[in-house]
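As stored in work-v5.cif (mmCIF, C-alpha atoms):
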data_structure
loop_
_atom_site.label_atom_id
_atom_site.label_comp_id
_atom_site.auth_asym_id
_atom_site.auth_seq_id
_atom_site.Cartn_x
_atom_site.Cartn_y
_atom_site.Cartn_z
CA MET A 5 29.44 6.87 19.65
CA GLN A 6 26.80 5.97 22.23
CA VAL A 7 24.06 7.00 19.81
CA HIS A 8 25.68 5.00 17.05
CA LEU A 9 25.84 1.85 19.21
CA MET A 10 22.23 2.28 20.26
CA TRP A 11 21.14 2.71 16.65
CA THR A 12 23.07 -0.39 15.56
CA PHE A 13 21.27 -2.32 18.30
CA VAL A 14 17.85 -1.03 17.20
CA GLN A 15 18.58 -1.80 13.57
CA ASN A 16 20.03 -5.29 14.04
CA GLN A 17 18.08 -6.63 16.98
CA ILE A 18 14.76 -4.76 17.15
CA LEU A 19 14.01 -4.04 13.49
CA GLY A 20 16.25 -6.70 11.96
CA MET A 21 15.57 -9.35 14.64
CA LYS A 22 18.94 -11.08 14.37
CA TRP A 23 18.17 -12.79 17.70
CA LEU A 24 15.20 -14.51 16.07
CA ASN A 25 17.45 -15.96 13.38
CA ALA A 26 19.77 -17.38 16.05
CA LEU A 27 16.79 -18.68 18.01
CA THR A 28 15.19 -20.49 15.05
CA GLY A 29 18.63 -21.85 14.13
CA ASN A 30 19.18 -23.23 17.65
CA LEU A 31 15.68 -24.70 17.89
CA LEU A 32 16.10 -26.42 14.52
CA SER A 33 19.49 -27.84 15.59
CA MET A 34 17.82 -29.23 18.72
CA THR A 35 15.32 -31.11 16.58
CA GLY A 36 18.28 -32.64 14.75
CA LEU A 37 18.08 -30.59 11.58
CA ASP A 38 21.47 -29.29 10.48
CA THR A 39 21.02 -25.67 9.39
CA GLU A 40 24.29 -25.83 7.45
CA THR A 41 22.66 -28.15 4.90
CA ARG A 42 20.56 -26.81 2.09
CA ILE A 43 17.27 -28.14 3.40
CA GLY A 44 18.02 -27.04 6.96
CA GLY A 45 19.05 -23.61 5.73
CA SER A 46 15.88 -23.26 3.67
CA VAL A 47 13.71 -24.23 6.64
CA GLN A 48 15.55 -21.75 8.87
CA PHE A 49 15.18 -18.92 6.36
CA PHE A 50 11.50 -19.73 5.87
CA LEU A 51 10.67 -19.84 9.59
CA TYR A 52 12.77 -16.81 10.52
CA ASP A 53 11.51 -14.66 7.69
CA THR A 54 7.86 -15.64 8.10
CA ILE A 55 7.90 -14.86 11.82
CA LYS A 56 9.91 -11.68 11.39
CA ILE A 57 7.75 -10.27 8.63
CA THR A 58 4.55 -11.24 10.45
CA ILE A 59 5.66 -9.44 13.62
CA LEU A 60 6.78 -6.38 11.66
CA LEU A 61 3.60 -6.44 9.58
CA CYS A 62 1.25 -6.54 12.56
CA PHE A 63 3.15 -3.84 14.44
CA LEU A 64 3.57 -1.60 11.40
CA ILE A 65 0.01 -1.92 10.11
CA PHE A 66 -1.32 -1.05 13.55
CA LEU A 67 0.90 2.01 13.84
CA ILE A 68 0.29 3.14 10.27
CA SER A 69 -3.47 2.65 10.44
CA TYR A 70 -3.56 4.77 13.58
CA ILE A 71 -1.76 7.60 11.76
CA GLN A 72 -3.89 7.05 8.64
CA SER A 73 -7.09 7.47 10.63
CA TYR A 74 -6.21 11.19 10.67
CA PHE A 75 -6.00 11.35 6.87
CA PRO A 76 -9.04 9.82 5.17
CA PRO A 77 -9.08 10.63 1.42
CA GLU A 78 -11.98 13.02 1.98
CA ARG A 79 -9.72 15.08 4.21
CA SER A 80 -6.65 14.80 1.96
CA LYS A 81 -8.83 16.23 -0.80
CA LYS A 82 -9.64 19.30 1.31
CA ILE A 83 -6.01 19.80 2.35
CA LEU A 84 -4.84 19.58 -1.27
CA GLY A 85 -7.33 22.25 -2.33
CA ASN A 86 -5.24 24.78 -0.37
CA PHE A 87 -2.07 24.28 -2.40
CA HIS A 88 -1.12 25.33 -5.91
CA GLY A 89 1.50 24.60 -8.56
CA ILE A 90 4.39 22.31 -7.75
CA TRP A 91 3.58 22.56 -4.03
CA ALA A 92 0.28 20.82 -4.66
CA ASN A 93 2.22 17.99 -6.36
CA CYS A 94 4.61 17.72 -3.42
CA ILE A 95 1.82 17.71 -0.83
CA GLY A 96 -0.11 15.23 -3.01
CA ALA A 97 2.87 12.87 -3.07
CA LEU A 98 3.31 13.21 0.70
CA LEU A 99 -0.37 12.65 1.44
CA GLY A 100 -0.24 9.60 -0.83
CA THR A 101 2.08 8.02 1.73
CA VAL A 102 -0.35 8.43 4.65
CA THR A 103 -3.79 8.15 3.06
CA PRO A 104 -5.34 4.72 3.44
CA PHE A 105 -6.28 3.56 0.01
CA CYS A 106 -6.89 0.26 -1.69
CA SER A 107 -7.08 -0.31 -5.42
CA CYS A 108 -10.86 -0.88 -5.26
CA SER A 109 -11.22 2.73 -4.07
CA SER A 110 -9.06 4.23 -6.79
CA ILE A 111 -11.95 5.26 -9.04
CA PRO A 112 -14.05 7.02 -6.36
CA LEU A 113 -10.83 8.67 -5.21
CA PHE A 114 -9.99 9.80 -8.74
CA ILE A 115 -13.48 11.20 -9.21
CA GLY A 116 -13.42 12.89 -5.80
CA PHE A 117 -10.13 14.66 -6.48
CA THR A 118 -11.10 15.68 -10.01
CA SER A 119 -14.56 16.95 -9.09
CA ALA A 120 -13.01 19.00 -6.27
CA GLY A 121 -11.12 20.87 -9.01
CA LEU A 122 -7.69 19.46 -8.20
CA PRO A 123 -5.32 19.49 -11.20
CA LEU A 124 -4.86 16.14 -12.93
CA GLY A 125 -1.11 16.20 -12.21
CA VAL A 126 -1.72 16.46 -8.47
CA THR A 127 -4.07 13.49 -8.57
CA PHE A 128 -1.40 11.48 -10.37
CA SER A 129 1.34 12.52 -7.93
CA PHE A 130 -0.92 11.06 -5.26
CA LEU A 131 -1.71 7.91 -7.27
CA ILE A 132 1.99 7.22 -7.96
CA SER A 133 3.29 7.78 -4.45
CA SER A 134 0.45 5.97 -2.69
CA PRO A 135 1.49 2.40 -3.57
CA MET A 136 5.17 3.15 -4.16
CA VAL A 137 6.14 4.72 -0.88
CA ASP A 138 4.27 4.28 2.32
CA LEU A 139 5.18 4.44 5.96
CA GLY A 140 5.30 0.66 6.14
CA SER A 141 7.86 0.40 3.37
CA LEU A 142 10.06 2.95 5.13
CA LEU A 143 10.29 0.95 8.37
CA LEU A 144 10.50 -2.38 6.59
CA LEU A 145 13.38 -1.15 4.43
CA VAL A 146 15.18 0.12 7.53
CA SER A 147 14.91 -3.36 9.00
CA ILE A 148 16.28 -5.13 5.93
CA PHE A 149 18.62 -2.69 4.19
CA GLY A 150 19.41 -0.09 6.84
CA VAL A 151 18.32 3.45 7.40
CA LYS A 152 20.31 5.12 4.57
CA VAL A 153 18.80 2.93 1.85
CA ALA A 154 15.30 3.39 3.31
CA VAL A 155 15.46 7.17 3.45
CA ILE A 156 16.90 7.46 -0.06
CA TYR A 157 14.25 5.03 -1.38
CA VAL A 158 11.46 7.17 0.03
CA VAL A 159 13.00 10.41 -1.25
CA VAL A 160 13.49 9.13 -4.82
CA GLY A 161 9.97 7.61 -4.73
CA LEU A 162 8.53 11.00 -3.85
CA ILE A 163 10.60 12.63 -6.60
CA ILE A 164 9.15 10.20 -9.19
CA ALA A 165 5.64 10.98 -7.94
CA VAL A 166 6.12 14.75 -8.12
CA ALA A 167 7.91 14.59 -11.49
CA GLY A 168 5.38 12.15 -12.96
CA GLY A 169 2.44 14.31 -11.91
CA THR A 170 4.14 17.42 -13.28
CA ILE A 171 4.80 15.78 -16.65
CA ILE A 172 1.16 14.68 -16.96
CA GLU A 173 0.14 18.24 -16.08
CA GLN A 174 2.46 19.80 -18.67
CA LEU A 175 1.29 17.44 -21.42
CA HIS A 176 -2.32 18.57 -20.81
CA MET A 177 -3.77 15.08 -20.60
CA GLU A 178 -7.18 16.25 -19.33
CA PRO A 179 -9.04 15.11 -22.51
CA TYR A 180 -7.84 11.55 -21.84
CA VAL A 181 -9.79 11.21 -18.63
CA GLU A 182 -13.07 9.32 -19.13
CA ASP A 183 -15.92 11.78 -19.70
CA PHE A 184 -18.18 10.53 -16.94
CA ILE A 185 -15.66 11.67 -14.33
CA TYR A 186 -16.14 15.33 -15.23
CA LYS A 187 -19.91 15.01 -14.99
CA VAL A 188 -19.87 14.38 -11.26
CA GLY A 189 -20.48 17.50 -9.18
CA LYS A 190 -18.45 18.53 -6.18
CA VAL A 191 -19.79 17.07 -2.96
CA ASP A 192 -18.24 17.47 0.46
CA ILE A 193 -19.30 15.08 3.13
CA GLU A 194 -19.00 15.54 6.83
CA LEU A 195 -15.97 14.07 8.47
CA PRO A 196 -16.91 12.02 11.47
CA ASP A 197 -15.34 12.94 14.80
CA LEU A 198 -13.25 10.00 15.88
CA THR A 199 -12.29 9.43 19.49
CA GLN A 200 -8.92 7.92 20.42
CA LYS A 201 -10.77 4.68 21.08
CA ASP A 202 -12.29 4.74 17.58
CA ARG A 203 -8.81 5.17 16.10
CA PHE A 204 -7.44 2.26 18.10
CA VAL A 205 -10.33 0.03 17.08
CA TYR A 206 -9.85 1.10 13.45
CA ALA A 207 -6.11 0.34 13.65
CA LYS A 208 -6.77 -3.06 15.23
CA ASP A 209 -9.39 -3.98 12.59
CA GLN A 210 -7.04 -2.88 9.80
CA MET A 211 -4.25 -4.95 11.30
CA PHE A 212 -6.32 -8.15 11.30
CA SER A 213 -7.89 -7.64 7.89
CA THR A 214 -4.56 -6.71 6.27
CA PHE A 215 -2.87 -9.67 7.89
CA ARG A 216 -5.50 -12.06 6.54
CA LYS A 217 -5.22 -10.50 3.10
CA VAL A 218 -1.44 -10.42 2.70
CA PHE A 219 -0.37 -13.49 4.67
CA PRO A 220 -0.61 -15.81 1.62
CA TYR A 221 1.60 -13.39 -0.33
CA ILE A 222 4.13 -13.38 2.49
CA LEU A 223 4.27 -17.19 2.48
CA VAL A 224 4.77 -17.27 -1.30
CA GLY A 225 7.35 -14.47 -1.11
CA VAL A 226 9.28 -16.09 1.73
CA GLY A 227 9.06 -19.47 -0.02
CA ILE A 228 10.61 -18.05 -3.17
CA GLY A 229 13.15 -16.25 -0.99
CA ALA A 230 14.09 -19.51 0.77
CA VAL A 231 14.62 -21.26 -2.57
CA ILE A 232 16.79 -18.42 -3.85
CA HIS A 233 18.66 -18.27 -0.57
CA ASN A 234 19.74 -21.89 -0.54
CA TRP A 235 19.27 -23.49 -3.95
CA ILE A 236 20.06 -20.98 -6.66
CA PRO A 237 23.82 -20.79 -7.29
CA GLU A 238 25.37 -17.45 -6.50
CA GLU A 239 26.99 -17.32 -9.94
CA TRP A 240 23.59 -17.39 -11.65
CA VAL A 241 22.21 -14.51 -9.59
CA GLU A 242 25.42 -12.53 -10.06
CA ALA A 243 25.47 -13.15 -13.80
CA VAL A 244 21.86 -12.07 -14.35
CA LEU A 245 21.22 -9.50 -11.60
CA GLY A 246 24.73 -8.57 -10.49
CA GLY A 247 27.38 -6.22 -11.80
CA ASN A 248 28.03 -8.34 -14.89
CA ASN A 249 24.69 -7.62 -16.47
CA PRO A 250 24.15 -3.96 -17.38
CA PHE A 251 20.48 -4.70 -18.10
CA GLY A 252 19.73 -6.29 -14.70
CA VAL A 253 17.68 -3.26 -13.60
CA VAL A 254 15.58 -3.26 -16.78
CA LEU A 255 14.99 -6.99 -16.52
CA ALA A 256 13.98 -6.83 -12.83
CA THR A 257 11.61 -3.90 -13.52
CA LEU A 258 9.91 -5.58 -16.47
CA ILE A 259 9.41 -8.82 -14.53
CA GLY A 260 8.08 -6.92 -11.50
CA ILE A 261 5.50 -4.76 -13.27
CA PRO A 262 2.72 -7.26 -14.04
CA MET A 263 3.13 -8.98 -10.66
CA TYR A 264 0.70 -8.13 -7.93
CA ALA A 265 1.98 -8.26 -4.39
CA ASP A 266 2.55 -5.79 -1.68
CA ILE A 267 5.80 -4.76 -0.13
CA PHE A 268 5.57 -7.40 2.59
CA GLY A 269 5.52 -10.18 -0.01
CA SER A 270 8.24 -8.74 -2.23
CA ILE A 271 10.77 -7.95 0.47
CA PRO A 272 11.89 -11.53 1.30
CA ILE A 273 12.63 -12.09 -2.40
CA ALA A 274 14.62 -8.86 -2.51
CA GLU A 275 16.47 -9.78 0.66
CA ALA A 276 17.46 -13.22 -0.65
CA LEU A 277 18.56 -11.89 -4.03
CA LEU A 278 20.71 -9.20 -2.40
CA SER A 279 22.46 -11.76 -0.20
CA LYS A 280 23.24 -13.78 -3.35
CA GLY A 281 25.09 -10.93 -5.02
CA ALA A 282 22.34 -9.11 -6.89
CA LEU A 283 22.95 -5.38 -7.04
CA LEU A 284 21.00 -3.12 -4.68
CA GLY A 285 19.44 -1.11 -7.51
CA VAL A 286 18.24 -4.31 -9.19
CA VAL A 287 16.38 -5.60 -6.13
CA LEU A 288 14.96 -2.18 -5.23
CA SER A 289 13.67 -1.55 -8.75
CA PHE A 290 12.09 -5.02 -8.65
CA MET A 291 10.33 -4.16 -5.37
CA MET A 292 9.20 -0.78 -6.65
CA ALA A 293 7.86 -2.31 -9.86
CA VAL A 294 5.93 -5.00 -7.98
CA THR A 295 4.30 -2.59 -5.55
CA THR A 296 3.64 0.37 -7.87
CA LEU A 297 2.29 -1.21 -11.03
CA SER A 298 0.28 -4.38 -11.43
CA LEU A 299 -2.22 -5.75 -13.91
CA PRO A 300 -5.20 -5.48 -11.49
CA SER A 301 -4.45 -1.83 -10.70
CA MET A 302 -4.03 -0.98 -14.39
CA ILE A 303 -7.36 -2.65 -15.23
CA MET A 304 -8.97 -0.61 -12.44
CA LEU A 305 -7.41 2.66 -13.56
CA ARG A 306 -8.45 2.00 -17.18
CA LYS A 307 -12.05 2.58 -16.05
CA ALA A 308 -11.18 6.17 -15.15
CA VAL A 309 -8.70 7.16 -17.86
CA LYS A 310 -8.38 6.51 -21.60
CA PRO A 311 -5.66 4.20 -22.95
CA LYS A 312 -3.31 7.03 -23.92
CA LEU A 313 -3.14 8.47 -20.39
CA LEU A 314 -2.90 5.00 -18.87
CA ALA A 315 0.04 4.23 -21.17
CA LEU A 316 1.74 7.50 -20.24
CA PHE A 317 1.27 6.68 -16.54
CA VAL A 318 2.83 3.24 -17.02
CA VAL A 319 5.73 4.65 -19.06
CA ILE A 320 6.50 7.37 -16.51
CA CYS A 321 6.50 4.88 -13.63
CA THR A 322 8.62 2.37 -15.56
CA VAL A 323 11.23 4.92 -16.61
CA GLY A 324 11.31 6.35 -13.09
CA ILE A 325 11.79 2.94 -11.50
CA ILE A 326 14.59 2.00 -13.94
CA ALA A 327 16.32 5.33 -13.24
CA VAL A 328 16.09 4.67 -9.49
CA GLY A 329 17.62 1.23 -10.02
CA TYR A 330 20.68 2.58 -11.85
CA PHE A 331 20.98 5.37 -9.28
CA PHE A 332 21.09 2.83 -6.42
CA ASN A 333 23.57 0.65 -8.31
CA ALA A 334 25.84 3.67 -8.66
CA ILE A 335 25.69 4.70 -5.00
CA GLN A 336 25.67 1.16 -3.53
CA PRO A 337 29.39 1.19 -2.52
CA PHE A 338 28.81 4.35 -0.49
CA ILE A 339 25.69 3.36 1.45
CA ILE A 340 25.99 -0.34 2.28
CA MET B 3 -36.36 3.53 5.01
CA THR B 4 -34.09 2.95 2.01
CA ILE B 5 -30.66 1.54 2.56
CA LYS B 6 -27.86 1.58 0.03
CA ILE B 7 -24.43 0.03 0.08
CA LEU B 8 -21.90 1.90 -2.07
CA GLY B 9 -18.94 -0.06 -3.37
CA GLY B 10 -17.43 -1.44 -6.54
CA GLY B 11 -18.25 -5.03 -5.64
CA CYS B 12 -15.08 -5.88 -3.71
CA SER B 13 -15.07 -8.31 -0.82
CA LYS B 14 -15.34 -5.52 1.78
CA CYS B 15 -18.52 -4.23 0.15
CA LYS B 16 -20.10 -7.67 0.30
CA ALA B 17 -19.10 -7.98 3.96
CA LEU B 18 -20.83 -4.67 4.72
CA GLU B 19 -23.96 -5.81 2.90
CA ALA B 20 -24.06 -9.03 4.90
CA ALA B 21 -23.56 -7.15 8.19
CA THR B 22 -26.34 -4.73 7.27
CA LYS B 23 -28.73 -7.59 6.55
CA GLU B 24 -27.88 -9.09 9.90
CA ALA B 25 -28.46 -5.75 11.68
CA LEU B 26 -31.82 -5.27 10.02
CA ALA B 27 -32.89 -8.79 10.87
CA GLY B 28 -31.87 -8.18 14.50
CA LEU B 29 -33.98 -5.01 14.60
CA GLY B 30 -36.88 -6.76 12.95
CA VAL B 31 -36.94 -4.10 10.22
CA ASN B 32 -37.89 -5.12 6.74
CA ALA B 33 -36.06 -2.77 4.39
CA GLU B 34 -34.67 -3.19 0.91
CA ILE B 35 -30.90 -3.04 0.56
CA GLU B 36 -29.67 -1.65 -2.71
CA HIS B 37 -26.07 -2.25 -3.77
CA VAL B 38 -24.74 0.69 -5.82
CA THR B 39 -21.74 -0.35 -7.91
CA ASP B 40 -21.73 2.46 -10.47
CA PHE B 41 -18.72 4.65 -9.70
CA SER B 42 -20.25 7.92 -10.89
CA GLN B 43 -23.25 7.33 -8.62
CA ILE B 44 -20.97 6.49 -5.70
CA ALA B 45 -18.95 9.66 -6.26
CA ALA B 46 -22.17 11.69 -6.43
CA TYR B 47 -22.56 11.00 -2.71
CA GLY B 48 -19.11 12.51 -2.10
CA VAL B 49 -17.74 9.15 -1.00
CA MET B 50 -14.11 8.49 -1.87
CA SER B 51 -13.41 5.44 0.22
CA THR B 52 -15.66 2.45 -0.18
CA PRO B 53 -17.63 0.66 1.15
CA ALA B 54 -20.13 3.24 2.37
CA LEU B 55 -23.54 2.94 3.99
CA VAL B 56 -26.34 5.28 2.93
CA VAL B 57 -29.61 5.53 4.84
CA ASP B 58 -32.43 7.60 3.31
CA GLU B 59 -29.91 9.25 0.94
CA LYS B 60 -27.62 10.30 3.80
CA VAL B 61 -24.09 8.87 4.03
CA VAL B 62 -23.82 7.53 7.57
CA SER B 63 -20.50 5.71 7.24
CA TYR B 64 -17.74 5.28 4.71
CA GLY B 65 -14.37 3.63 4.29
CA LYS B 66 -14.98 0.79 6.67
CA VAL B 67 -16.83 -2.47 7.14
CA LEU B 68 -19.18 -1.90 10.05
CA LYS B 69 -20.10 -4.69 12.41
CA PRO B 70 -23.82 -5.53 12.77
CA ASP B 71 -24.06 -3.97 16.26
CA GLU B 72 -22.44 -0.76 15.00
CA ILE B 73 -25.06 -0.58 12.24
CA VAL B 74 -27.82 -1.12 14.79
CA ALA B 75 -26.39 1.73 16.90
CA LEU B 76 -26.15 3.99 13.84
CA LEU B 77 -29.69 3.29 12.77
CA LYS B 78 -30.92 3.99 16.28
CA THR B 79 -29.14 7.34 16.60
CA TYR B 80 -30.26 8.55 13.19
CA TYR B 81 -33.75 7.17 13.35
CA CYS B 82 -35.26 6.85 16.79
CA THR B 83 -38.21 4.69 16.08
#
Would you give me this structure, written as structure tokens?
Amino acid sequence: MQVHLMWTFVQNQILGMKWLNALTGNLLSMTGLDTETRIGGSVQFFLYDTIKITILLCFLIFLISYIQSYFPPERSKKILGNFHGIWANCIGALLGTVTPFCSCSSIPLFIGFTSAGLPLGVTFSFLISSPMVDLGSLLLLVSIFGVKVAVIYVVVGLIIAVAGGTIIEQLHMEPYVEDFIYKVGKVDIELPDLTQKDRFVYAKDQMFSTFRKVFPYILVGVGIGAVIHNWIPEEWVEAVLGGNNPFGVVLATLIGIPMYADIFGSIPIAEALLSKGALLGVVLSFMMAVTTLSLPSMIMLRKAVKPKLLALFVVICTVGIIAVGYFFNAIQPFII
Amino acid sequence: MTIKILGGGCSKCKALEAATKEALAGLGVNAEIEHVTDFSQIAAYGVMSTPALVVDEKVVSYGKVLKPDEIVALLKTYYCT
């Protein structure tokens, strides 16, 4: 009981920051803005969500970058070389969650893994899990949807990554990797010895550079969220994304795929849609689609693989995300 | 001394190039900076996270944008002139 109360406090007040919502509401009332009106409500949602996500972002990026400093891709590559079969896929998916990696590094990473002799399926398990599930998304999901949803999200994300990699392996897609990638020899470079201070400085630098990079996306995301929250009628959301539309998950996934944003930008939209009666699986498949697949990342990956393999990758991710959506819709009554 | 920046041309790579120029100017060294954008060449150095800094064909840093004073320190430790 004690533990339960403590956890509720952590979830609502520390991760969910309910106090901040009350505070922004009170401050707005003091300036004479009625938060019960649509405009007042929008302003409150915008301020509360922007501040909340910014605080979470800075704290999370710092923490995650510190952990990531132990797992540069060069090291993940060496670790992965020690595993075989399905285990290599599992470890690849897990390392994908902690290896720092931006889309502009995806080609060198692909070449590095391949030239180290890692199976293609393992590389893809890594490439799927890396954007889809990371440590940041886990904590952020706890703050918005609660711990059960967050843990299940991460587990199903890892399952898609392992399954996707295994399918690509079984279909023997090796000929559909661009030829130049196989021509690069295996090179191991020295890993620098980092002191604790180096790791802290790295984490701090990552925090500032990530903040500068994603802050515009957060503003756009929260802005859209504020509009949904206060201006879009609940009936519309329910009709299109709620229980009345069996294709809500498919629709949300297809809209999310070409969009490019990270989890911090997509979460306020998901949060607002959920509060308006959209089903859990619909908003989660939207978030997964936005973070996992995007036009820029596909264009980047096209440089390393031929169209057939790229298409297979997109199809596997899409089918996986849609399956996750229906799965969450089905279990929603039991976990929220 | 030959200096190369490895990176696909993203904003971080350009930031590293600018910082390197600044470091060299501070040291009073006149060296050419070559920007390698070809991915197979980058991978040939064993680098998987860009941008990376290569001095006389040795990778001295990768995966981060160094500040000018860090580059100065690196150049001094590797090449006591």
Excluding A:Gly100 and residues on its chain fewer than 2 positions from it, collect all residues at most 10 Å away from it, counting all atoms listed in the file, and give them as number ranges by chain. A: 75, 77, 80, 94-98, 102-105, 127-138, 162, 165
Which chain A residues are at most 9 Å from chain B (counting only C-alpha atoms), as a list in words?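 Here is what falls inside 9 Å: Pro76, Pro77, Glu78, Pro104, Phe105, Cys106, Cys108, Ser109, Ser110, Ile111, Pro112, Leu113, Phe114, Ile115, Gly116, Phe117, Ser119, Phe184, Ile185, Lys187, Val188, Gly189, Lys190, Val191, Asp192, Ile193, Glu194, Pro196 and Tyr206 of chain A.
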Deliver the residues from the most recent selection as a file, using C-alpha atoms, as an mmCIF file, keeping the file's coordinate frame.
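Output file part-v2.cif follows:
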data_model
loop_
_atom_site.group_PDB
_atom_site.id
_atom_site.type_symbol
_atom_site.label_atom_id
_atom_site.label_comp_id
_atom_site.auth_asym_id
_atom_site.auth_seq_id
_atom_site.Cartn_x
_atom_site.Cartn_y
_atom_site.Cartn_z
ATOM 1 C CA PRO A 76 -9.040 9.820 5.170
ATOM 2 C CA PRO A 77 -9.080 10.630 1.420
ATOM 3 C CA GLU A 78 -11.980 13.020 1.980
ATOM 4 C CA PRO A 104 -5.340 4.720 3.440
ATOM 5 C CA PHE A 105 -6.280 3.560 0.010
ATOM 6 C CA CYS A 106 -6.890 0.260 -1.690
ATOM 7 C CA CYS A 108 -10.860 -0.880 -5.260
ATOM 8 C CA SER A 109 -11.220 2.730 -4.070
ATOM 9 C CA SER A 110 -9.060 4.230 -6.790
ATOM 10 C CA ILE A 111 -11.950 5.260 -9.040
ATOM 11 C CA PRO A 112 -14.050 7.020 -6.360
ATOM 12 C CA LEU A 113 -10.830 8.670 -5.210
ATOM 13 C CA PHE A 114 -9.990 9.800 -8.740
ATOM 14 C CA ILE A 115 -13.480 11.200 -9.210
ATOM 15 C CA GLY A 116 -13.420 12.890 -5.800
ATOM 16 C CA PHE A 117 -10.130 14.660 -6.480
ATOM 17 C CA SER A 119 -14.560 16.950 -9.090
ATOM 18 C CA PHE A 184 -18.180 10.530 -16.940
ATOM 19 C CA ILE A 185 -15.660 11.670 -14.330
ATOM 20 C CA LYS A 187 -19.910 15.010 -14.990
ATOM 21 C CA VAL A 188 -19.870 14.380 -11.260
ATOM 22 C CA GLY A 189 -20.480 17.500 -9.180
ATOM 23 C CA LYS A 190 -18.450 18.530 -6.180
ATOM 24 C CA VAL A 191 -19.790 17.070 -2.960
ATOM 25 C CA ASP A 192 -18.240 17.470 0.460
ATOM 26 C CA ILE A 193 -19.300 15.080 3.130
ATOM 27 C CA GLU A 194 -19.000 15.540 6.830
ATOM 28 C CA PRO A 196 -16.910 12.020 11.470
ATOM 29 C CA TYR A 206 -9.850 1.100 13.450
#
Kindly provide, as a list in words, the polymer residues lying within 12 Å of (22.6, -16.6, -10.5), counting only C-alpha atoms and using the coordinates exactly as they appear in the file. Ile232, His233, Asn234, Trp235, Ile236, Pro237, Glu238, Glu239, Trp240, Val241, Glu242, Ala243, Val244, Leu245, Gly246, Gly247, Asn248, Asn249, Gly252, Ala276, Leu277, Leu278, Ser279, Lys280, Gly281, Ala282 and Leu283 of chain A
Quick one: distance from atom CA of A:Phe290 to atom CA of A:Gly260 in Å, one decimal?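 Between atom CA of A:Phe290 and atom CA of A:Gly260 the gap is 5.3 Å.
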For the structure shown, which residues end up in the PyMOL selection byres ((chain A and resi 143) around 12)? Put them as an MDAnalysis selection string, please? chainID A and resid 14:15 18:20 57 60:61 63:65 67:68 137:142 144:155 157:158 267:268 271
Determine, counting all atoms listed in the file, which protein, DNA and RNA residues have an atom within 8 Å of an atom of B:Ala25; residues of the same chain fewer than 3 positions away are not included. Present the result as a PyMOL selection string. chain B and resi 21-22+28-29+70-71+73-74
